[in-house]
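Colleague: Just one file: final15.txt, with compact mmCIF, C-alpha atoms.
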```txt
# COMPACT_ATOMS: atom_id res chain seq x y z
CA MET K 1 -55.74 79.34 -77.09
CA THR K 2 -56.24 77.90 -80.53
CA GLU K 3 -53.90 80.52 -81.78
CA THR K 4 -51.15 79.30 -79.51
CA GLU K 5 -51.56 75.73 -80.59
CA LYS K 6 -51.49 76.55 -84.25
CA ARG K 7 -48.40 78.71 -84.08
CA PRO K 8 -45.53 76.90 -85.76
CA GLY K 9 -43.12 78.04 -83.10
CA ALA K 10 -45.22 76.51 -80.34
CA ALA K 11 -43.21 73.31 -80.23
CA GLU K 12 -39.99 75.21 -79.68
CA GLU K 13 -41.57 77.52 -77.22
CA GLY K 14 -43.19 74.71 -75.29
CA PRO K 15 -40.13 73.50 -73.39
CA ARG K 16 -39.12 77.06 -72.63
CA GLU K 17 -42.39 77.90 -70.98
CA PRO K 18 -42.00 75.77 -67.87
CA GLY K 19 -38.69 77.58 -67.51
CA PHE K 20 -40.33 80.79 -66.43
CA LEU K 21 -43.57 79.28 -65.20
CA LEU K 22 -41.99 76.96 -62.67
CA PRO K 23 -40.29 79.72 -60.64
CA GLU K 24 -43.61 81.49 -60.45
CA LEU K 25 -45.24 78.26 -59.38
CA VAL K 26 -42.60 77.65 -56.75
CA ALA K 27 -42.95 81.18 -55.41
CA HIS K 28 -46.68 80.69 -55.17
CA LEU K 29 -46.32 77.40 -53.29
CA ARG K 30 -43.75 78.92 -50.92
CA GLU K 31 -46.03 81.81 -50.22
CA LEU K 32 -48.94 79.57 -49.35
CA ARG K 33 -46.80 77.08 -47.48
CA THR K 34 -48.66 77.30 -44.18
CA PRO K 35 -52.29 77.05 -45.34
CA LEU K 36 -51.57 74.40 -47.98
CA ARG K 37 -49.58 72.29 -45.61
CA GLN K 38 -52.36 72.56 -43.06
CA GLU K 39 -54.99 71.64 -45.59
CA TRP K 40 -52.99 68.68 -46.73
CA ALA K 41 -52.54 67.40 -43.19
CA THR K 42 -56.27 67.83 -42.59
CA ARG K 43 -57.11 65.90 -45.71
CA ILE K 44 -54.74 63.12 -44.71
CA THR K 45 -56.53 62.84 -41.38
CA ASP K 46 -59.94 63.01 -43.03
CA ALA K 47 -59.04 60.21 -45.39
CA HIS K 48 -57.90 58.09 -42.42
CA LEU K 49 -54.45 57.68 -43.90
CA LEU K 50 -51.39 57.22 -41.68
CA SER K 51 -53.73 56.29 -38.84
CA SER K 52 -50.85 54.72 -36.96
CA MET K 53 -49.16 58.12 -36.56
CA THR K 54 -50.21 61.00 -34.31
CA ALA K 55 -51.55 64.21 -35.80
CA GLN K 56 -48.39 65.99 -34.77
CA GLU K 57 -46.18 63.48 -36.49
CA VAL K 58 -48.30 63.64 -39.60
CA PHE K 59 -47.98 67.41 -39.61
CA SER K 60 -44.21 67.43 -39.18
CA GLU K 61 -43.72 64.77 -41.88
CA ALA K 62 -46.14 66.68 -44.08
CA THR K 63 -43.99 69.78 -43.66
CA SER K 64 -40.83 67.92 -44.69
CA VAL K 65 -42.53 66.31 -47.66
CA TYR K 66 -44.03 69.65 -48.69
CA ASP K 67 -40.65 71.39 -48.61
CA ASN K 68 -39.01 68.55 -50.48
CA TYR K 69 -41.83 68.62 -52.98
CA VAL K 70 -41.42 72.31 -53.71
CA GLU K 71 -37.68 71.87 -53.92
CA VAL K 72 -38.05 69.15 -56.56
CA LEU K 73 -40.36 71.42 -58.54
CA GLU K 74 -37.74 74.15 -58.33
CA THR K 75 -34.59 72.18 -59.10
CA GLY K 76 -36.02 69.29 -61.09
CA SER K 77 -33.69 66.90 -59.26
CA VAL K 78 -35.35 64.07 -57.35
CA GLU K 79 -32.15 62.87 -55.63
CA ALA K 80 -32.78 64.68 -52.35
CA LEU K 81 -36.41 63.59 -52.36
CA LYS K 82 -35.38 60.02 -53.04
CA ARG K 83 -33.08 60.07 -50.03
CA TYR K 84 -35.76 61.63 -47.89
CA ALA K 85 -38.38 59.13 -49.08
CA ARG K 86 -36.08 56.22 -48.27
CA ASP K 87 -35.37 57.67 -44.87
CA LEU K 88 -39.08 58.25 -44.27
CA SER K 89 -39.94 54.71 -45.36
CA GLU K 90 -37.34 53.33 -42.99
CA ARG K 91 -39.07 55.16 -40.15
CA ILE K 92 -42.68 54.38 -41.02
CA ILE K 93 -42.48 50.78 -42.31
CA PRO K 94 -41.93 49.31 -38.84
CA ARG K 95 -45.04 51.18 -37.71
CA GLY K 96 -47.18 49.32 -40.20
CA VAL K 97 -47.77 52.03 -42.78
CA GLU K 98 -49.12 50.45 -45.97
CA THR K 99 -48.19 51.16 -49.56
CA HIS K 100 -51.64 52.53 -50.41
CA GLU K 101 -51.32 55.08 -47.61
CA VAL K 102 -48.01 56.41 -48.87
CA ILE K 103 -49.24 56.66 -52.43
CA GLY K 104 -52.49 58.14 -51.12
CA ILE K 105 -50.84 60.99 -49.25
CA VAL K 106 -48.61 61.95 -52.15
CA LEU K 107 -51.59 62.00 -54.49
CA LEU K 108 -53.49 64.09 -51.95
CA LEU K 109 -50.68 66.62 -51.90
CA ARG K 110 -50.76 66.72 -55.67
CA ASP K 111 -54.50 67.40 -55.55
CA VAL K 112 -54.18 70.07 -52.89
CA LEU K 113 -51.54 71.91 -54.85
CA ALA K 114 -53.42 71.55 -58.10
CA ARG K 115 -56.54 72.98 -56.46
CA SER K 116 -54.61 75.94 -55.23
CA LEU K 117 -53.30 76.50 -58.73
CA PHE K 118 -56.86 76.35 -60.09
CA GLU K 119 -57.87 78.92 -57.54
CA LYS K 120 -55.07 81.25 -58.43
CA TYR K 121 -55.32 81.05 -62.20
CA HIS K 122 -59.00 80.36 -62.78
CA GLN K 123 -59.43 83.75 -64.39
CA GLU K 124 -56.89 83.06 -67.10
CA PHE K 125 -57.66 79.72 -68.56
CA GLU K 126 -54.77 79.58 -70.96
CA LEU K 127 -52.20 80.47 -68.36
CA LEU K 128 -53.69 77.84 -66.06
CA ASN K 129 -53.28 75.32 -68.81
CA ARG K 130 -49.62 76.12 -69.23
CA VAL K 131 -49.02 76.18 -65.51
CA LEU K 132 -50.55 72.73 -65.27
CA ASP K 133 -48.44 71.59 -68.22
CA ALA K 134 -45.42 72.51 -66.21
CA TYR K 135 -46.75 71.23 -62.93
CA GLU K 136 -48.23 67.86 -63.82
CA PRO K 137 -45.15 66.01 -65.17
CA ALA K 138 -43.11 67.17 -62.21
CA ALA K 139 -45.83 66.21 -59.76
CA ASN K 140 -46.24 62.79 -61.34
CA ARG K 141 -42.54 62.24 -61.20
CA ILE K 142 -42.52 63.09 -57.52
CA ALA K 143 -45.40 60.73 -56.79
CA ASN K 144 -43.57 58.04 -58.70
CA THR K 145 -40.31 58.60 -56.85
CA VAL K 146 -41.89 58.47 -53.43
CA ALA K 147 -43.92 55.34 -54.21
CA VAL K 148 -40.95 53.54 -55.74
CA SER K 149 -38.67 54.46 -52.84
CA PHE K 150 -41.23 53.18 -50.39
CA VAL K 151 -41.70 49.89 -52.22
CA GLU K 152 -37.95 49.44 -52.63
CA GLU K 153 -37.40 50.00 -48.95
CA ARG K 154 -40.12 47.49 -48.15
CA GLU K 155 -38.57 44.93 -50.45
CA ARG K 156 -35.20 45.51 -48.87
CA VAL K 157 -36.70 44.82 -45.44
CA ILE K 158 -38.38 41.67 -46.76
CA ARG K 159 -35.14 40.43 -48.32
CA GLN K 160 -33.28 41.08 -45.12
CA GLN K 161 -35.86 39.13 -43.16
CA GLN K 162 -35.77 36.29 -45.65
CA ASP K 163 -32.01 36.09 -45.31
CA SER K 164 -32.11 35.95 -41.56
CA LEU K 165 -34.89 33.37 -41.67
CA LEU K 166 -32.85 31.22 -44.02
CA GLU K 167 -29.86 31.54 -41.77
CA LEU K 168 -31.81 30.35 -38.77
CA SER K 169 -33.64 27.61 -40.60
CA THR K 170 -30.91 24.97 -40.61
CA PRO K 171 -29.23 24.79 -37.22
CA VAL K 172 -26.29 22.46 -36.74
CA LEU K 173 -26.22 21.24 -33.16
CA GLN K 174 -23.64 19.18 -31.40
CA VAL K 175 -25.19 16.69 -28.97
CA ARG K 176 -22.16 14.58 -28.13
CA GLU K 177 -18.54 14.74 -28.99
CA ARG K 178 -18.34 14.16 -32.76
CA LEU K 179 -22.09 13.76 -33.08
CA LEU K 180 -24.20 16.46 -34.75
CA ILE K 181 -27.91 16.75 -35.31
CA LEU K 182 -29.62 18.82 -37.99
CA PRO K 183 -33.34 19.15 -37.40
CA ILE K 184 -35.09 20.28 -40.58
CA ILE K 185 -38.56 21.75 -40.24
CA GLY K 186 -40.76 23.21 -42.94
CA VAL K 187 -40.58 23.15 -46.69
CA LEU K 188 -37.36 21.75 -48.09
CA ASP K 189 -36.94 23.47 -51.45
CA ASP K 190 -33.92 23.83 -53.72
CA THR K 191 -32.43 26.78 -51.88
CA ARG K 192 -32.79 25.17 -48.50
CA ALA K 193 -31.48 21.86 -49.74
CA ARG K 194 -28.37 23.62 -50.99
CA GLN K 195 -28.06 25.40 -47.70
CA LEU K 196 -28.53 22.13 -45.84
CA THR K 197 -25.65 20.63 -47.82
CA GLU K 198 -23.37 23.57 -47.06
CA GLN K 199 -24.27 23.65 -43.37
CA LEU K 200 -23.87 19.91 -42.99
CA LEU K 201 -20.50 19.63 -44.75
CA GLY K 202 -19.21 22.77 -43.04
CA GLY K 203 -20.46 21.44 -39.71
CA ILE K 204 -18.63 18.15 -40.22
CA ARG K 205 -15.39 20.00 -40.73
CA ASN K 206 -15.84 22.56 -37.95
CA HIS K 207 -17.02 20.13 -35.29
CA ARG K 208 -14.89 17.21 -36.52
CA ALA K 209 -18.06 15.19 -36.63
CA LYS K 210 -18.09 11.51 -37.31
CA VAL K 211 -21.80 10.90 -37.31
CA VAL K 212 -24.53 13.35 -38.30
CA VAL K 213 -28.21 12.72 -37.66
CA VAL K 214 -30.45 14.63 -40.08
CA ASP K 215 -33.99 14.67 -38.79
CA ILE K 216 -36.60 15.44 -41.41
CA THR K 217 -39.71 14.63 -39.37
CA GLY K 218 -40.88 18.17 -39.99
CA VAL K 219 -40.68 17.88 -43.77
CA ALA K 220 -43.83 16.54 -45.39
CA ASP K 221 -42.67 15.99 -48.94
CA VAL K 222 -39.76 16.70 -51.26
CA ASP K 223 -39.47 16.68 -55.03
CA GLN K 224 -37.04 14.46 -56.90
CA ALA K 225 -34.38 17.16 -57.27
CA VAL K 226 -34.29 17.71 -53.53
CA ALA K 227 -34.29 13.97 -52.85
CA ASN K 228 -31.31 13.67 -55.18
CA SER K 229 -29.50 16.45 -53.45
CA LEU K 230 -30.16 14.69 -50.14
CA VAL K 231 -28.54 11.52 -51.47
CA GLN K 232 -25.60 13.53 -52.81
CA THR K 233 -25.14 15.20 -49.47
CA VAL K 234 -24.95 11.81 -47.80
CA ASP K 235 -22.33 10.69 -50.33
CA ALA K 236 -20.31 13.87 -49.93
CA SER K 237 -20.36 13.48 -46.16
CA ARG K 238 -18.96 10.00 -46.55
CA LEU K 239 -16.13 11.40 -48.66
CA MET K 240 -15.36 13.68 -45.75
CA GLY K 241 -15.27 10.71 -43.45
CA ALA K 242 -18.60 11.16 -41.69
CA GLU K 243 -21.68 9.01 -41.70
CA VAL K 244 -25.12 10.52 -42.10
CA ILE K 245 -28.15 8.93 -40.50
CA ILE K 246 -31.48 10.22 -41.77
CA THR K 247 -34.39 9.96 -39.39
CA GLY K 248 -38.10 10.66 -39.59
CA LEU K 249 -38.62 9.92 -43.27
CA SER K 250 -42.27 10.44 -44.13
CA SER K 251 -43.86 7.78 -46.28
CA LYS K 252 -44.05 10.21 -49.18
CA ILE K 253 -40.35 11.04 -49.02
CA ALA K 254 -39.49 7.36 -48.69
CA GLN K 255 -41.47 6.69 -51.83
CA THR K 256 -39.75 9.51 -53.69
CA LEU K 257 -36.38 8.09 -52.67
CA VAL K 258 -37.32 4.66 -53.93
CA THR K 259 -38.63 6.16 -57.17
CA ILE K 260 -35.33 7.86 -57.93
CA GLY K 261 -33.64 4.54 -57.22
CA VAL K 262 -31.56 5.37 -54.19
CA ASP K 263 -28.89 2.87 -53.22
CA LEU K 264 -30.13 1.60 -49.88
CA ASN K 265 -26.67 0.32 -48.93
CA LYS K 266 -25.37 3.84 -48.90
CA MET K 267 -28.28 5.45 -47.11
CA ARG K 268 -28.62 4.87 -43.38
CA THR K 269 -32.09 5.60 -42.11
CA VAL K 270 -33.68 5.15 -38.71
CA GLY K 271 -37.35 5.65 -37.85
CA ASP K 272 -37.20 8.57 -35.47
CA LEU K 273 -34.76 11.04 -33.99
CA GLN K 274 -34.37 9.13 -30.74
CA GLY K 275 -33.53 5.95 -32.59
CA GLY K 276 -31.11 7.88 -34.78
CA ILE K 277 -29.27 9.36 -31.84
CA GLU K 278 -29.13 5.98 -30.09
CA GLU K 279 -27.73 4.37 -33.21
CA ALA K 280 -25.16 7.14 -33.59
CA GLU K 281 -24.12 6.80 -29.95
CA ARG K 282 -23.68 3.09 -30.39
CA GLN K 283 -21.51 3.74 -33.41
CA LEU K 284 -19.37 6.25 -31.55
CA GLY K 285 -19.02 3.90 -28.58
CA PHE K 286 -21.12 5.89 -26.13
CA ARG K 287 -23.28 3.99 -23.71
CA VAL K 288 -26.03 5.87 -21.94
CA THR K 289 -27.02 4.25 -18.64
CA ARG K 290 -29.24 5.26 -15.79
CA PRO K 291 -27.60 5.34 -12.35
CA ALA K 292 -28.69 2.28 -10.35
CA ASP K 293 -30.50 4.24 -7.64
CA ALA K 294 -32.54 6.21 -10.18
CA GLN K 295 -34.12 3.15 -11.71
CA PRO K 296 -37.85 2.92 -11.26
CA MET T 1 13.94 11.48 -49.48
CA PRO T 2 12.22 8.21 -49.94
CA SER T 3 10.79 9.13 -53.34
CA ARG T 4 12.63 7.46 -56.14
CA GLU T 5 13.60 8.86 -59.50
CA SER T 6 11.94 6.95 -62.26
CA PRO T 7 14.19 6.48 -65.26
CA GLY T 8 13.57 9.01 -67.98
CA THR T 9 11.96 11.72 -65.88
CA ALA T 10 14.11 14.71 -65.10
CA GLU T 11 11.83 16.52 -62.68
CA PRO T 12 11.74 15.11 -59.15
CA LEU T 13 8.38 14.24 -57.67
CA ARG T 14 7.10 17.22 -55.72
CA VAL T 15 5.42 15.11 -53.09
CA SER T 16 7.25 13.43 -50.25
CA ILE T 17 6.23 10.03 -49.01
CA LEU T 18 6.75 9.63 -45.28
CA ALA T 19 6.89 6.30 -43.55
CA GLN T 20 5.38 6.14 -40.09
CA GLY T 21 5.32 2.72 -38.48
CA THR T 22 3.63 0.45 -40.95
CA ASN T 23 1.96 3.32 -42.74
CA LEU T 24 2.91 5.57 -45.60
CA ILE T 25 1.75 9.17 -45.37
CA VAL T 26 1.51 11.48 -48.37
CA SER T 27 0.36 15.06 -48.26
CA ILE T 28 -0.50 16.59 -51.62
CA HIS T 29 -0.03 20.34 -51.33
CA THR T 30 -0.33 21.58 -54.87
CA ALA T 31 -2.44 20.38 -57.73
CA LEU T 32 -0.45 17.67 -59.48
CA ASP T 33 -0.61 17.18 -63.21
CA ASP T 34 -1.51 13.81 -64.65
CA SER T 35 2.04 12.50 -65.03
CA GLN T 36 2.98 13.54 -61.50
CA MET T 37 -0.14 11.84 -60.23
CA THR T 38 0.75 8.63 -62.05
CA ARG T 39 4.28 8.76 -60.69
CA LEU T 40 3.01 9.27 -57.16
CA GLN T 41 0.83 6.20 -57.55
CA GLN T 42 3.75 4.19 -58.89
CA ASP T 43 6.11 5.32 -56.11
CA LEU T 44 3.59 4.55 -53.43
CA ILE T 45 2.98 1.06 -54.69
CA ASP T 46 6.72 0.41 -54.89
CA GLN T 47 7.14 1.62 -51.34
CA VAL T 48 4.30 -0.57 -50.09
CA GLY T 49 6.25 -3.59 -51.27
CA ARG T 50 9.63 -2.39 -50.03
CA GLN T 51 8.57 -1.18 -46.60
CA ARG T 52 5.95 -3.88 -46.06
CA SER T 53 3.42 -1.15 -45.33
CA ARG T 54 -0.07 -1.99 -44.17
CA GLY T 55 -1.67 1.37 -44.80
CA ILE T 56 -1.49 4.44 -47.01
CA ILE T 57 -2.84 7.85 -46.07
CA VAL T 58 -3.24 10.50 -48.75
CA ASP T 59 -3.95 13.95 -47.35
CA VAL T 60 -5.70 16.24 -49.81
CA SER T 61 -6.88 18.88 -47.33
CA THR T 62 -5.08 21.74 -49.07
CA LEU T 63 -6.54 20.93 -52.48
CA ASP T 64 -9.58 22.85 -53.60
CA VAL T 65 -10.02 20.77 -56.73
CA LEU T 66 -9.84 17.04 -57.27
CA ASP T 67 -10.33 16.28 -60.94
CA SER T 68 -11.60 13.06 -62.43
CA PHE T 69 -8.13 11.84 -63.36
CA ALA T 70 -6.84 12.33 -59.82
CA THR T 71 -9.91 10.61 -58.45
CA ARG T 72 -9.44 7.67 -60.76
CA THR T 73 -5.74 7.43 -60.00
CA LEU T 74 -6.37 7.46 -56.28
CA THR T 75 -9.08 4.83 -56.64
CA GLN T 76 -6.73 2.70 -58.72
CA LEU T 77 -3.99 3.20 -56.18
CA ALA T 78 -6.32 1.94 -53.46
CA HIS T 79 -7.17 -1.17 -55.48
CA VAL T 80 -3.59 -2.00 -56.38
CA ALA T 81 -2.37 -1.33 -52.84
CA ARG T 82 -5.04 -3.60 -51.47
CA LEU T 83 -3.85 -6.38 -53.76
CA ARG T 84 -0.40 -5.82 -52.29
CA GLY T 85 -1.76 -5.93 -48.77
CA ALA T 86 -2.27 -2.28 -47.80
CA GLU T 87 -5.42 -0.26 -47.15
CA THR T 88 -5.72 3.29 -48.48
CA VAL T 89 -7.43 6.17 -46.71
CA ILE T 90 -8.00 9.56 -48.34
CA VAL T 91 -8.21 12.25 -45.69
CA GLY T 92 -9.18 15.89 -45.62
CA ILE T 93 -11.52 16.18 -48.59
CA ALA T 94 -12.90 19.72 -48.35
CA PRO T 95 -16.68 20.27 -48.36
CA GLU T 96 -16.66 21.98 -51.78
CA VAL T 97 -14.53 19.21 -53.23
CA ALA T 98 -16.79 16.54 -51.77
CA ILE T 99 -19.96 18.02 -53.20
CA ALA T 100 -18.33 18.62 -56.57
CA MET T 101 -17.15 15.01 -56.70
CA VAL T 102 -20.61 13.72 -55.90
CA GLN T 103 -22.28 16.01 -58.41
CA LEU T 104 -19.92 14.85 -61.14
CA SER T 105 -20.59 11.31 -59.93
CA MET T 106 -16.92 10.51 -59.45
CA GLN T 107 -17.01 7.25 -57.58
CA MET T 108 -14.47 6.18 -55.02
CA ASN T 109 -15.35 2.57 -54.46
CA PHE T 110 -13.36 0.58 -51.94
CA VAL T 111 -11.53 3.72 -50.91
CA HIS T 112 -11.80 4.73 -47.30
CA THR T 113 -12.14 8.37 -46.43
CA ALA T 114 -11.63 10.17 -43.14
CA LEU T 115 -11.89 13.70 -41.86
CA ASP T 116 -8.22 14.38 -41.19
CA LEU T 117 -4.86 12.70 -40.64
CA GLU T 118 -5.61 11.76 -37.05
CA GLU T 119 -8.91 10.16 -38.00
CA GLY T 120 -7.25 8.43 -40.91
CA LEU T 121 -4.57 6.90 -38.71
CA GLN T 122 -7.19 5.67 -36.28
CA LEU T 123 -9.24 4.19 -39.11
CA LEU T 124 -6.16 2.44 -40.49
CA GLY T 125 -5.49 1.05 -37.05
CA GLU T 126 -8.97 -0.42 -37.01
CA LEU T 127 -8.66 -1.75 -40.55
CA THR T 128 -5.22 -3.32 -40.27
CA GLY T 129 -5.20 -4.14 -36.59
CA ALA T 130 -1.65 -2.85 -36.24
CA PRO T 131 -1.09 -2.27 -32.52
CA GLU T 132 1.20 0.77 -32.54
CA ILE T 133 -1.24 3.03 -34.31
CA ALA T 134 -4.24 2.30 -32.17
CA PRO T 135 -3.77 4.53 -29.12
CA ASP T 136 -7.53 4.73 -28.61
CA GLU T 137 -8.11 3.86 -24.95
CA GLY T 138 -11.25 1.87 -25.76
CA ARG T 139 -9.40 -0.59 -27.98
CA SER T 140 -5.91 -0.76 -26.49
CA GLY T 141 -6.83 -3.64 -24.18
CA GLU T 142 -7.78 -5.85 -27.10
```
Produce structure tokens that represent the structure in this file.
Modeller:
Amino acid sequence: MTETEKRPGAAEEGPREPGFLLPELVAHLRELRTPLRQEWATRITDAHLLSSMTAQEVFSEATSVYDNYVEVLETGSVEALKRYARDLSERIIPRGVETHEVIGIVLLLRDVLARSLFEKYHQEFELLNRVLDAYEPAANRIANTVAVSFVEERERVIRQQQDSLLELSTPVLQVRERLLILPIIGVLDDTRARQLTEQLLGGIRNHRAKVVVVDITGVADVDQAVANSLVQTVDASRLMGAEVIITGLSSKIAQTLVTIGVDLNKMRTVGDLQGGIEEAERQLGFRVTRPADAQP
Amino acid sequence: MPSRESPGTAEPLRVSILAQGTNLIVSIHTALDDSQMTRLQQDLIDQVGRQRSRGIIVDVSTLDVLDSFATRTLTQLAHVARLRGAETVIVGIAPEVAIAMVQLSMQMNFVHTALDLEEGLQLLGELTGAPEIAPDEGRSGE
């Protein structure tokens, strides 16, 4: 062993060695496909990983991963594995499989295969060393690829959900001809304030609105930037020929508005949504009356 | 063509000024440069005097940019026209234009704005009280 390390040609020979060791390794793993796969699946079950899947499912996924694994070792290309991992993640994320489980099973497979290599080469220590030299970087790369694919897929799902949440978070509703309401609930941050502006101005144009009631009862507090953007939105709406009535200002928001020095002549506010709608109806010339016979 | 050639300018004004009742209607289709903008303002004010107009509507709905010079010229136009007895309404400011104007704090004081031409005409009717442009059923009996 020491002889090998000290040989000056060792550095050049090093990269060549995996070249003939890997095929041997792959042949070995192919040969033992059935028992290794079985052992892996058993160890997954023993470790209580993938508990949301049935034993059968675990076994069939384990088979696919095993085959992909060996293929990566053989070809050195992780592309196919990446695709498979993404596909797998897409299937198992909705079932509540966690990141630690995915990383856990890949590491288990690595251990199972490494054990089998130990078993095969334990007589020849030096050969074992070289086999592991060839095996370990590839195995680590595979573990990395699978984990990254899983996390990426998760992030993609999260982004998608965020987008759809954002889309739903600022509804523009028409309550009367030329009267819109925008109920805002939750935290009003920069992104949502910008979205509010877009939705409101777009809504004015699409619905030919003349009065818009923006109800912010559900917003506890805003920072100065958002308060400013609120004032700007009101101004921009006026440029488009529509009046904005803001209702449900919390005391904190009212204070913020006063602090940034809002022009109270330009800002119409009414205490609550009902008052806002009544004011808007008055402005548009609607009169809501109860039929005479329905009066209490 | 009601637009008049100013002495010394070869190019004709690319905006037509239409008279409808007591109103003048202008639709700006392409971005006008500063001199064209000034000429439009001049022509409009001349027409207000000649036609005894009570209102001016400037439609900017096809513009995706309204720069500070145009904004100032339109504001000035509104002020001068008011001194000559006409109200000015800018109609059709696009959402992107509106927010850009506000963010650049371009003020349009004493200028009325409306959603589109129809709204603008109705607003002018309310402002000037001219009977023929107030077909709104709620007000016709006045």
Colleague: For each of K:Arg282, K:Arg159, K:Arg33, K:Arg176, take the minimum atom-to-atom distance to Ala209 in chain K, counting only C-alpha atoms, then give the residue where this is smallest.
Modeller: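 Of K:Arg282, K:Arg159, K:Arg33, K:Arg176, the one nearest Ala209 in chain K, counting only C-alpha atoms, is K:Arg176.
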Colleague: Using only C-alpha atoms, I'd like a table of the residues in chain T that come within 12 Å of chain K; for each, show the closest atom pair and its distance in Å rounded to one decimal, ordered by chain and ascending number, as CSV.
Modeller:
```
residue,atom,partner,partner_atom,distance
T:Asp59,CA,K:Met240,CA,11.5
T:Val60,CA,K:Met240,CA,10.8
T:Ser61,CA,K:Met240,CA,10.1
T:Thr71,CA,K:Leu239,CA,11.6
T:Val89,CA,K:Gly241,CA,9.6
T:Ile90,CA,K:Leu239,CA,8.3
T:Val91,CA,K:Met240,CA,7.3
T:Gly92,CA,K:Met240,CA,6.6
T:Ile93,CA,K:Met240,CA,5.4
T:Ala94,CA,K:Met240,CA,7.0
T:Pro95,CA,K:Leu201,CA,5.3
T:Glu96,CA,K:Leu201,CA,8.3
T:Val97,CA,K:Ala236,CA,8.5
T:Ala98,CA,K:Ala236,CA,4.8
T:Ile99,CA,K:Ala236,CA,5.3
T:Ala100,CA,K:Ala236,CA,8.4
T:Met101,CA,K:Ala236,CA,7.6
T:Val102,CA,K:Gln232,CA,5.9
T:Gln103,CA,K:Gln232,CA,7.0
T:Leu104,CA,K:Gln232,CA,10.2
T:Ser105,CA,K:Gln232,CA,9.0
T:Met106,CA,K:Asp235,CA,10.6
T:Gln107,CA,K:Asp235,CA,9.6
T:Met108,CA,K:Leu239,CA,8.4
T:Asn109,CA,K:Leu239,CA,10.6
T:Phe110,CA,K:Leu239,CA,11.6
T:Val111,CA,K:Leu239,CA,9.2
T:His112,CA,K:Gly241,CA,7.9
T:Thr113,CA,K:Gly241,CA,4.9
T:Ala114,CA,K:Gly241,CA,3.7
T:Leu115,CA,K:Gly241,CA,4.8
T:Asp116,CA,K:Gly241,CA,8.3
T:Leu117,CA,K:Gly241,CA,11.0
T:Glu118,CA,K:Arg208,CA,10.8
T:Glu119,CA,K:Gly241,CA,8.4
T:Gly120,CA,K:Gly241,CA,8.7
T:Gln122,CA,K:Gly241,CA,11.9
T:Leu123,CA,K:Gly241,CA,9.9
T:Asp136,CA,K:Gly285,CA,11.5
T:Glu137,CA,K:Gly285,CA,11.5
T:Gly138,CA,K:Gly285,CA,8.5
T:Arg139,CA,K:Gly285,CA,10.6
```
Colleague: With all atoms listed in the file as the basis for distance, which of K:Thr269, K:Gln161, K:Gln174, K:Thr217 is at the shortest distance from Gly186 in chain K?
Modeller: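 For Gly186 in chain K, the nearest of the given residues is K:Thr217.
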Colleague: Provide the CA of Glu57 in chain K to CA of Val151 in chain K distance in Å, to one decimal place.
Modeller: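 Interatomic distance, CA of Glu57 in chain K to CA of Val151 in chain K: 21.3 Å.
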Colleague: Of the residues K:Thr99, K:Thr256, K:Asn68, K:Thr191, which is the one nearest to Arg83 in chain K, using all atoms listed in the file?
Modeller: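 Ranked by minimum distance to Arg83 in chain K, first place goes to K:Asn68.
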Colleague: Would you work out the distance separating CA of Ala134 in chain K from CA of Phe118 in chain K, expressed in Å to one decimal?
Modeller: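 Computing it gives 13.5 Å between the two atoms.
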Colleague: So which residues are close to (2.6, 5.2, -60.2), meaning at most 12 Å away in the file's coordinates with all atoms listed in the file counted, and can you show them as a list in words?
Modeller: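 It turns out the residues near that spot are Ser3, Arg4, Glu5, Ser6, Leu13, Asp34, Ser35, Gln36, Met37, Thr38, Arg39, Leu40, Gln41, Gln42, Asp43, Leu44, Ile45, Asp46, Gln47, Val48, Ala70, Thr73, Leu74, Gln76, Leu77, Ala78, Val80 and Ala81 of chain T.
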Colleague: Give me, as a count of residues only, all polymer residues having an atom no more than 9 Å from Arg82 in chain T, counting all atoms listed in the file and skipping those fewer than 6 positions away in the same chain.
Modeller: 3
Colleague: Would you give the centre and edge lengths, in Å to one decimal, of a box along x, y and z around the listed atoms of range 157-176 of chain K, with 3 Å added to each side, as AutoDock Vina command-line options?
Modeller:
```
--center_x -30.3 --center_y 29.7 --center_z -38.2 --size_x 22.2 --size_y 36.2 --size_z 26.2
```
Colleague: My list of candidates is K:Ser64, K:Leu21, K:Ile93, K:Ala55. Which is closest to Glu155 in chain K when distances are computed with all atoms listed in the file?
Modeller: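 Checking each candidate against Glu155 in chain K, we get K:Ile93 as the closest.
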Colleague: Which residues come within 12 Å of Tyr66 in chain K, counting only C-alpha atoms, excluding same-chain residues fewer than 3 positions away, as a PyMOL selection string?
Modeller: chain K and resi 26+29-30+32-41+58-63+69-73+81+84-85+105-106+108-110+112-113+139+142
Colleague: Set the distance at 7 Å and use all atoms listed in the file: which residues neighbour Leu180 in chain K once local chain neighbours fewer than 6 positions away are removed? I'd like the list as a count of residues only.
Modeller: 7
Colleague: Quick one: distance from CA of Ser16 in chain T to CA of Thr62 in chain T in Å, one decimal?
Modeller: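 Taking CA of Ser16 in chain T and CA of Thr62 in chain T, their separation equals 14.9 Å.
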Colleague: Find the residue from K:Leu132, K:Leu127, K:Leu50, K:Ala138 that sits nearest to Val102 in chain K; use all atoms listed in the file when measuring.
Modeller: K:Leu50
Colleague: For Thr22 in chain T, which residue among T:Arg72, T:Gly129, T:His79, T:Leu63 is the nearest when counting only C-alpha atoms?
Modeller: T:Gly129
